[in-house]
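J.: One structure, as structure tokens, below. Some questions next.
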Amino acid sequence: MISYWSLRYIDSQFLSAAATARITSGCQCGILNKRSSDSSKWQTRWCIIYKNLMFYYERESSARPSGVILLEGTTCERSVVHDDGKQFTFTVSLSNDKQQSLVFACESESECLTWVHSISSSSMQKSEQEKDELQQRLGDVEKRLEAEESAKSEYLNFTEEQVITIKSLRDENAKLKKQIEELRRDGVRENKHRGERINSLVASIARRWYNLTRWRKIIEMYVKSEHADSMKKRNRVLWQLMKSEEEYVSQLGTLVNCFYKPLKMAASSSHPPLSHAQLNLIFRNCETLYYIHQIFLQGLQVRMEKWPVLVLGDLFDMLLPLLVIYQDYVRNHATSLEVLTQCKHNPNFYSLLEKHENKPAVYGYSLEMYLTFPIQRIPGYVTLLNQLLAFTPPDHVERFKFEEAKSKLQELSVVIYEQTSDSESMYKTLNIEKMINGGCHVLFDTNQHFVRQGMLKLAAVQVKGAYRKDTKTGPRHCFLFTNHMLVTERIGEQLNINKEFGLIALNHCILIEDISDDPTCDKEQQSFGFRITLLDNIPDPKTITLVAESPQDRASWTVDIQQCIENLHSESTHSCYGRASYNNDPRNDPRLFVDGTFIKYSLRMNSGQTPKVRYASLDKLLERLMDARFLGVEYLNTFLLTYRCFTDGHTVLGYIISTYYDALSKLPDNGVPESPSYLPKSNNFEKSSPPPRPSISSINSDSVFMAAKYYSEVAMRVFNVIKSWISKYFQDFVSDPSLHERLMLFLDQVASNDSNMTQCGRKAVNIIRRSLALQEASGPAYPLKGIYDTYFNKRGNYCCLSLNVDCDVLALQMTVLEHWSLTEIQPNEFLDKSWVKDKEKAPRICSLMQRCDKMSNMVASEVLAGETASSRAKTISKWINIATLCREHNNFASLLQIVAGLTFSAIQRLRYTWSIVPQEMKSNLNTLKDVVSVSNRFKNMKAEIKRCDPPCVPYIGVYLADLISIEEGVQNLNSNGLINFAKMRMLAHTILEIRLYQQTYYDIKVVPDVIKYILVNCSNALSEDKIFERSYALEPRNQRPIAAANDSSV
């Protein structure tokens, strides 16, 4: 029987090991008494230990062992005193089997301890450890040996070098000895030269020391001066210029390599999806611009290698003569987009373009976006040059060249803006057409422009005298253009146009603004509604009733629609006051757009556009405002929005009133005839001046009709301008009561004293009065002003809000709060950088920016409120979910605030916390970071804002940066003192985009308690210093993060 403890069968290997043990010195051996734990019989054996084996013999002289004990994995312990008198005993047992053990007895205590120690240290594991230690020591010795050999080699090399040096020194010494001998022979002459050399050497050393000391002081003074700080900022701008140029060249390379060249090859195929002529119109000068800016970038890179000496003026001298290529590109941009849209109707071209747009190198941008990048580059150069000149000293060698480059680029940027404003309108129109299911052919008309969009409820439709209510409760997406209006219904990602009333031709319709007396309408329709009658089918006209969200929204819609209708009617019925041009468009008469001393027009980029006012005196601007021949919506909106930059409300209202009374004074005593009997036969104009208005005294038989016609046109123009002013900028009359009183006095006088007013004029006066009453009585869309004034900046108890409120509820209430703050901003606050120069003129913008910073601090404070890493990770995950919901609600303001709070450096350093945030949440946060990235002046956010449908809450800083760029890049007056109206259009274009989002409201119910919590927590959030202190207290420096774990509670 073979057991673990004693093997009765001894093979040759055990015999060999036993023999080796007996001849090996140092092995523990001796006579022991042994018995098993379950037996009381003792046996005397001679035992010897060899490695992890214990052999025992009958006696010491025995040749073969009686058995062997495997000591590996056993434990050896001292035993208690037994009954048979054995005192010095120890037990050997397996660690996992206490039932089988052996008991050994010795003659003395010391012998017992020696055996216990020998058995305990006989394990092979300890031998392995000793082996590892020896190997490690051997490795250390080898490394030390290698180091010694390396040192030896270096020492030998050093010795050889020293030997060579000593040899060369000996040679020099020998030469010097020869020279000394020669000097000795030369005598006094040589001593004289030697003294001169010593004096020269001493003087050189003194001059060097003086110069070093002087330059050290100069450098120290320069570093401490303001000029050094300016040069640092200047160099930073130059680096930014190079980085932006690299990105721009990359974009041009993508345009050429990923779109132009593949489509050029496709155009040469047997079945081309587009012709070479279309290709050249779409990509005009793209390849040339790419090569030019490659050369410009290489020049920048060469200059940067010579830092800190940066000379860039000659590079701009090379770039400026090539701006004519940009002018040609800009001139062709609208045509490029138009041709591209036409090509997209070809399925082969559309599929090919979609394939190229899905390439990874394109980064998800469309071809239209890449075609727009060159137009955006020139204003980018102007902004960078403004920053560069701000940090360039007046006496700098390159300042003159930079100023010259800036002036030329500014002129081109104004021309570019005038073209791109129309191109952007066309681009937006084409995007809307792309969203419509089945397309909309009327949107391909390049002569019409986008005016506004928003949500309107379709209340009822009247067909053949019968009213029927709309069964769908949701609002309709409405789009207003200069020639048409679309009423659409969103189904998924597409918009559907109703065949009966979805497409409204404005030249064949009538707007009914006042339906307050209609008994068929309910209270909401009477207060916020208006009607449009479609006259396409005269026997059976259709009438639709649309309801706005507020009185202000209704007034804005009706004013713009009425203005578009009047423009179309004016263009189709009259242009001047003579029969020869009665049915002609005034835009086709070049005499109306001749530059004069007090008015300058912009260059006509192509023949299809009307020249716009570029510079003009105040009198000319007011004259054009009241001239019925120029009824453009853009000019009216631009003037009413920006007149505060160059005049005041009393001057404008005074000119409007004087224009009205001037027309009234020309009426004959018999007043306005009921209907004209005939039209004037002719009217001759001089080429040197615009067509003059007919003189009443010069026309005999036609004087009554012409005077009446002139008065009617002027009166309607006066009333339309006043109505637009009240509807869109009623705050002007609220902030200036004297202006409001003057307007009311004028309306009262017109209504009571003017017997010559037509029925349309009286109706217009009544509508103006009703608009004034509605504006005065209307309340805010969101009842938040009282809550905001009470709880913002109020100290109170702070609570972790995000853990107590549902994510969706909190996201919705943050959206309401941000949109209310946006709607509170008045248009005049965006002018003249009021939020920077004089904060009292822009209190709402300053308050909004202040709360934006506090909201970011609130997010960081809520994260740091958690005492454990797990609780902080939960808060981070919840705020990421809230930010994602804000993005879904088009709330980009709160999205940026949350991302700014989570990316705060004091939050990002919490490595313990971030290690247990789920990877999915981190990925979502990275996506949100890309959306709100500040690169290229919020390029990604701007693109996403343009793609979304109102309502929307944009981040106001995006537009403030654009407004600052316009204000700093372009002056209000030109060198002749004329008003720069092109700049006013640029400002109005940006501000009106904000106004679009201000006037489209969310249908969200306000929860006051949540709003209060947001405002109180925002006001009581930690400051930046406290945030850092709290962050370091929770996770001190140099503390290693725990391993990332999938915490199910996060």
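If you're wondering about the labels, chains in the structure tokens are A, B, ... by order shown, residues count from 1 in each chain, ligands from 1 in order shown.
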Applying 9 Å and only C-alpha atoms, which residues near Ile956 in chain A remain after dropping the ones on its own chain fewer than 6 positions away? List them as a ChimeraX atom specification.

T.: /A:822,845,848-849,893,994

J.: I'd like the neighbourhood of Ser527 in chain A as a list in words, where a residue qualifies if any of its atoms comes within 9 Å (using only C-alpha atoms), though same-chain residues fewer than 2 positions away should be ignored.

T.: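 Final neighbour list, sorted by chain and number: Asp514, Ile515, Ser516, Asp522, Lys523, Glu524, Gln525, Gly529, Phe530, Val547, Ser550, Pro551, Arg554 and Leu774 of chain A.
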
J.: Would you compute the distance between CA of Gln453 in chain A and CA of Met485 in chain A? Give it in Å to one decimal.

T.: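 Interatomic distance here is 9.6 Å.
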
J.: Would you please work out which residue, of A:Glu944, A:Glu161, A:Glu1029, A:Glu368, is nearest to Phe259 in chain A when using only C-alpha atoms?

T.: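 With only C-alpha atoms as the atom set, the closest residue is A:Glu368.
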
J.: Within 12 Å of range 272-277 of chain A, counting only C-alpha atoms, which residues qualify if same-chain residues fewer than 4 places away don't, as number ranges by chain?

T.: A: 260-268, 281-284, 336, 339-353

J.: Got time to write the residues from that selection, N, CA and C atoms, as a PDB file, in the first residue's frame?

T.:
```pdb
ATOM      1  N   TYR A 260     -14.314  68.277 -56.982  1.00  0.00           N
ATOM      2  CA  TYR A 260     -14.083  68.819 -58.325  1.00  0.00           C
ATOM      3  C   TYR A 260     -13.465  67.779 -59.259  1.00  0.00           C
ATOM      4  N   LYS A 261     -12.379  67.163 -58.857  1.00  0.00           N
ATOM      5  CA  LYS A 261     -11.693  66.225 -59.741  1.00  0.00           C
ATOM      6  C   LYS A 261     -12.533  64.979 -60.040  1.00  0.00           C
ATOM      7  N   PRO A 262     -13.200  64.350 -59.035  1.00  0.00           N
ATOM      8  CA  PRO A 262     -14.059  63.199 -59.376  1.00  0.00           C
ATOM      9  C   PRO A 262     -15.216  63.563 -60.296  1.00  0.00           C
ATOM     10  N   LEU A 263     -15.841  64.728 -60.045  1.00  0.00           N
ATOM     11  CA  LEU A 263     -16.951  65.132 -60.913  1.00  0.00           C
ATOM     12  C   LEU A 263     -16.453  65.531 -62.304  1.00  0.00           C
ATOM     13  N   LYS A 264     -15.227  66.029 -62.388  1.00  0.00           N
ATOM     14  CA  LYS A 264     -14.655  66.350 -63.697  1.00  0.00           C
ATOM     15  C   LYS A 264     -14.438  65.084 -64.513  1.00  0.00           C
ATOM     16  N   MET A 265     -13.972  64.023 -63.851  1.00  0.00           N
ATOM     17  CA  MET A 265     -13.824  62.737 -64.533  1.00  0.00           C
ATOM     18  C   MET A 265     -15.189  62.185 -64.944  1.00  0.00           C
ATOM     19  N   ALA A 266     -16.194  62.354 -64.073  1.00  0.00           N
ATOM     20  CA  ALA A 266     -17.534  61.866 -64.400  1.00  0.00           C
ATOM     21  C   ALA A 266     -18.122  62.634 -65.582  1.00  0.00           C
ATOM     22  N   ALA A 267     -17.801  63.934 -65.672  1.00  0.00           N
ATOM     23  CA  ALA A 267     -18.318  64.724 -66.787  1.00  0.00           C
ATOM     24  C   ALA A 267     -17.713  64.296 -68.125  1.00  0.00           C
ATOM     25  N   SER A 268     -16.564  63.619 -68.080  1.00  0.00           N
ATOM     26  CA  SER A 268     -15.915  63.153 -69.305  1.00  0.00           C
ATOM     27  C   SER A 268     -16.298  61.730 -69.668  1.00  0.00           C
ATOM     28  N   LEU A 281     -19.298  76.164 -63.896  1.00  0.00           N
ATOM     29  CA  LEU A 281     -20.107  77.142 -63.173  1.00  0.00           C
ATOM     30  C   LEU A 281     -20.157  76.827 -61.680  1.00  0.00           C
ATOM     31  N   ILE A 282     -20.178  75.550 -61.335  1.00  0.00           N
ATOM     32  CA  ILE A 282     -20.246  75.173 -59.916  1.00  0.00           C
ATOM     33  C   ILE A 282     -18.916  75.422 -59.223  1.00  0.00           C
ATOM     34  N   PHE A 283     -17.799  75.045 -59.862  1.00  0.00           N
ATOM     35  CA  PHE A 283     -16.482  75.091 -59.211  1.00  0.00           C
ATOM     36  C   PHE A 283     -15.597  76.190 -59.819  1.00  0.00           C
ATOM     37  N   ARG A 284     -16.144  77.320 -60.103  1.00  0.00           N
ATOM     38  CA  ARG A 284     -15.389  78.372 -60.762  1.00  0.00           C
ATOM     39  C   ARG A 284     -14.253  78.876 -59.871  1.00  0.00           C
ATOM     40  N   SER A 336     -23.628  79.418 -58.964  1.00  0.00           N
ATOM     41  CA  SER A 336     -23.102  78.099 -58.622  1.00  0.00           C
ATOM     42  C   SER A 336     -24.130  77.281 -57.844  1.00  0.00           C
ATOM     43  N   VAL A 339     -27.081  76.321 -60.210  1.00  0.00           N
ATOM     44  CA  VAL A 339     -26.763  75.228 -61.131  1.00  0.00           C
ATOM     45  C   VAL A 339     -26.652  73.912 -60.374  1.00  0.00           C
ATOM     46  N   LEU A 340     -26.065  73.954 -59.182  1.00  0.00           N
ATOM     47  CA  LEU A 340     -25.961  72.736 -58.382  1.00  0.00           C
ATOM     48  C   LEU A 340     -27.342  72.195 -58.037  1.00  0.00           C
ATOM     49  N   THR A 341     -28.269  73.071 -57.713  1.00  0.00           N
ATOM     50  CA  THR A 341     -29.631  72.628 -57.410  1.00  0.00           C
ATOM     51  C   THR A 341     -30.292  71.999 -58.627  1.00  0.00           C
ATOM     52  N   GLN A 342     -30.083  72.577 -59.793  1.00  0.00           N
ATOM     53  CA  GLN A 342     -30.644  71.998 -61.002  1.00  0.00           C
ATOM     54  C   GLN A 342     -30.043  70.630 -61.296  1.00  0.00           C
ATOM     55  N   CYS A 343     -28.755  70.483 -61.066  1.00  0.00           N
ATOM     56  CA  CYS A 343     -28.097  69.193 -61.312  1.00  0.00           C
ATOM     57  C   CYS A 343     -28.599  68.118 -60.363  1.00  0.00           C
ATOM     58  N   LYS A 344     -29.009  68.505 -59.169  1.00  0.00           N
ATOM     59  CA  LYS A 344     -29.473  67.516 -58.201  1.00  0.00           C
ATOM     60  C   LYS A 344     -30.768  66.847 -58.621  1.00  0.00           C
ATOM     61  N   HIS A 345     -31.469  67.432 -59.558  1.00  0.00           N
ATOM     62  CA  HIS A 345     -32.679  66.782 -60.062  1.00  0.00           C
ATOM     63  C   HIS A 345     -32.343  65.574 -60.932  1.00  0.00           C
ATOM     64  N   ASN A 346     -31.086  65.460 -61.348  1.00  0.00           N
ATOM     65  CA  ASN A 346     -30.627  64.281 -62.090  1.00  0.00           C
ATOM     66  C   ASN A 346     -30.306  63.183 -61.084  1.00  0.00           C
ATOM     67  N   PRO A 347     -31.002  62.040 -61.107  1.00  0.00           N
ATOM     68  CA  PRO A 347     -30.749  60.991 -60.095  1.00  0.00           C
ATOM     69  C   PRO A 347     -29.310  60.491 -60.110  1.00  0.00           C
ATOM     70  N   ASN A 348     -28.694  60.391 -61.300  1.00  0.00           N
ATOM     71  CA  ASN A 348     -27.310  59.918 -61.376  1.00  0.00           C
ATOM     72  C   ASN A 348     -26.363  60.885 -60.674  1.00  0.00           C
ATOM     73  N   PHE A 349     -26.556  62.183 -60.912  1.00  0.00           N
ATOM     74  CA  PHE A 349     -25.707  63.173 -60.254  1.00  0.00           C
ATOM     75  C   PHE A 349     -25.951  63.173 -58.744  1.00  0.00           C
ATOM     76  N   TYR A 350     -27.213  63.063 -58.343  1.00  0.00           N
ATOM     77  CA  TYR A 350     -27.538  63.099 -56.910  1.00  0.00           C
ATOM     78  C   TYR A 350     -26.878  61.926 -56.175  1.00  0.00           C
ATOM     79  N   SER A 351     -26.958  60.729 -56.752  1.00  0.00           N
ATOM     80  CA  SER A 351     -26.349  59.561 -56.102  1.00  0.00           C
ATOM     81  C   SER A 351     -24.826  59.674 -56.079  1.00  0.00           C
ATOM     82  N   LEU A 352     -24.235  60.196 -57.157  1.00  0.00           N
ATOM     83  CA  LEU A 352     -22.780  60.372 -57.192  1.00  0.00           C
ATOM     84  C   LEU A 352     -22.338  61.405 -56.158  1.00  0.00           C
ATOM     85  N   LEU A 353     -23.063  62.513 -56.060  1.00  0.00           N
ATOM     86  CA  LEU A 353     -22.712  63.543 -55.077  1.00  0.00           C
ATOM     87  C   LEU A 353     -22.869  63.019 -53.656  1.00  0.00           C
TER      88      LEU A 353
END
```

J.: Using Å and a single decimal, report how far CA of Arg236 in chain A sits from CA of Lys401 in chain A.

T.: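 It comes out at 19.1 Å.
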
J.: Residues of range 203-275 of chain A classed as alpha helix (DSSP H) by DSSP on the backbone are to be reported as an MDAnalysis selection string.

T.: chainID A and resid 203:224 226:255 261:267

J.: Pick out the residues sitting within 10 Å of Arg985 in chain A, and hand them over as a count of residues only; count only C-alpha atoms, and ignore anything fewer than 2 positions along from it in its own chain.

T.: 23

J.: With only C-alpha atoms as the counted atoms, please give the residues lying no more than 8 Å from Ser856 in chain A, apart from itself and same-chain residues fewer than 4 positions off, as a ChimeraX atom specification.

T.: /A:852,860,897-902

J.: Given the choices A:Val487, A:Glu500, A:Phe296, A:Asp930, which gets closest to Met318 in chain A if the distance is worked out from only C-alpha atoms?

T.: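 Among the listed residues, A:Phe296 lies closest to Met318 in chain A.
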
J.: Each residue of range 717-748 of chain A with at least one atom at most 9 Å from range 618-626 of chain A should appear once, together with its nearest atom pair and the corresponding distance in Å (one decimal); atoms considered: only C-alpha atoms; ordering: chain, then increasing residue number; output as a Markdown table.

T.:
```
| residue | atom | partner | partner_atom | distance |
| --- | --- | --- | --- | --- |
| A:Arg717 | CA | A:Met626 | CA | 6.4 |
| A:Val718 | CA | A:Met626 | CA | 6.9 |
| A:Val721 | CA | A:Met626 | CA | 8.1 |
```

J.: If you keep N, CA, C and O atoms, can you produce a file of those selected residues as a CSV table (one decimal), in the first residue's frame?

T.:
```
chain,number,residue,atom,x,y,z
A,717,ARG,N,-47.9,104.7,-47.8
A,717,ARG,CA,-46.5,104.4,-47.4
A,717,ARG,C,-46.3,104.9,-46.0
A,717,ARG,O,-45.6,104.2,-45.2
A,718,VAL,N,-46.8,106.0,-45.6
A,718,VAL,CA,-46.6,106.5,-44.3
A,718,VAL,C,-47.2,105.6,-43.3
A,718,VAL,O,-46.6,105.2,-42.2
A,721,VAL,N,-45.2,102.3,-43.0
A,721,VAL,CA,-43.9,102.4,-42.2
A,721,VAL,C,-44.2,102.5,-40.7
A,721,VAL,O,-43.6,101.9,-39.9
```

J.: Rank A:Leu817, A:Phe158, A:Gly596, A:Ser915 by their smallest atom-to-atom distance to Lys1012 in chain A, using only C-alpha atoms, and report the top residue only.

T.: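 Closest residue, counting only C-alpha atoms: A:Leu817.
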
J.: Do you know which residues are at most 12 Å from Lys41 in chain A counting only C-alpha atoms, after dropping those on the same chain fewer than 5 positions away, and could you put them as a PyMOL selection string?

T.: chain A and resi 33-36+84+102-104

J.: Please produce a file of those selected residues containing N, CA, C and O atoms, as a JSON list (two decimals), in the first residue's frame.

T.:
```json
[["chain", "number", "residue", "atom", "x", "y", "z"],
["A", 33, "ASN", "N", 11.76, 9.12, 17.33],
["A", 33, "ASN", "CA", 10.65, 8.22, 17.58],
["A", 33, "ASN", "C", 9.45, 8.74, 16.81],
["A", 33, "ASN", "O", 9.12, 9.92, 16.90],
["A", 34, "LYS", "N", 8.77, 7.84, 16.08],
["A", 34, "LYS", "CA", 7.65, 8.31, 15.27],
["A", 34, "LYS", "C", 6.46, 7.40, 15.46],
["A", 34, "LYS", "O", 6.59, 6.22, 15.74],
["A", 35, "ARG", "N", 5.31, 8.03, 15.31],
["A", 35, "ARG", "CA", 4.06, 7.29, 15.28],
["A", 35, "ARG", "C", 3.06, 8.14, 14.49],
["A", 35, "ARG", "O", 3.22, 9.34, 14.30],
["A", 36, "SER", "N", 2.01, 7.49, 14.04],
["A", 36, "SER", "CA", 0.93, 8.22, 13.35],
["A", 36, "SER", "C", -0.04, 8.80, 14.37],
["A", 36, "SER", "O", -0.05, 8.35, 15.52],
["A", 84, "ASP", "N", 2.47, 9.12, 27.50],
["A", 84, "ASP", "CA", 3.50, 8.10, 27.63],
["A", 84, "ASP", "C", 4.84, 8.69, 28.02],
["A", 84, "ASP", "O", 5.86, 8.00, 27.96],
["A", 102, "LEU", "N", 1.82, 12.83, 11.37],
["A", 102, "LEU", "CA", 2.86, 12.03, 12.02],
["A", 102, "LEU", "C", 3.41, 12.80, 13.20],
["A", 102, "LEU", "O", 3.59, 14.02, 13.11],
["A", 103, "VAL", "N", 3.67, 12.06, 14.30],
["A", 103, "VAL", "CA", 4.20, 12.67, 15.51],
["A", 103, "VAL", "C", 5.60, 12.12, 15.72],
["A", 103, "VAL", "O", 5.81, 10.90, 15.68],
["A", 104, "PHE", "N", 6.54, 13.03, 15.94],
["A", 104, "PHE", "CA", 7.94, 12.66, 16.16],
["A", 104, "PHE", "C", 8.35, 13.13, 17.54],
["A", 104, "PHE", "O", 7.89, 14.19, 18.00]]
```
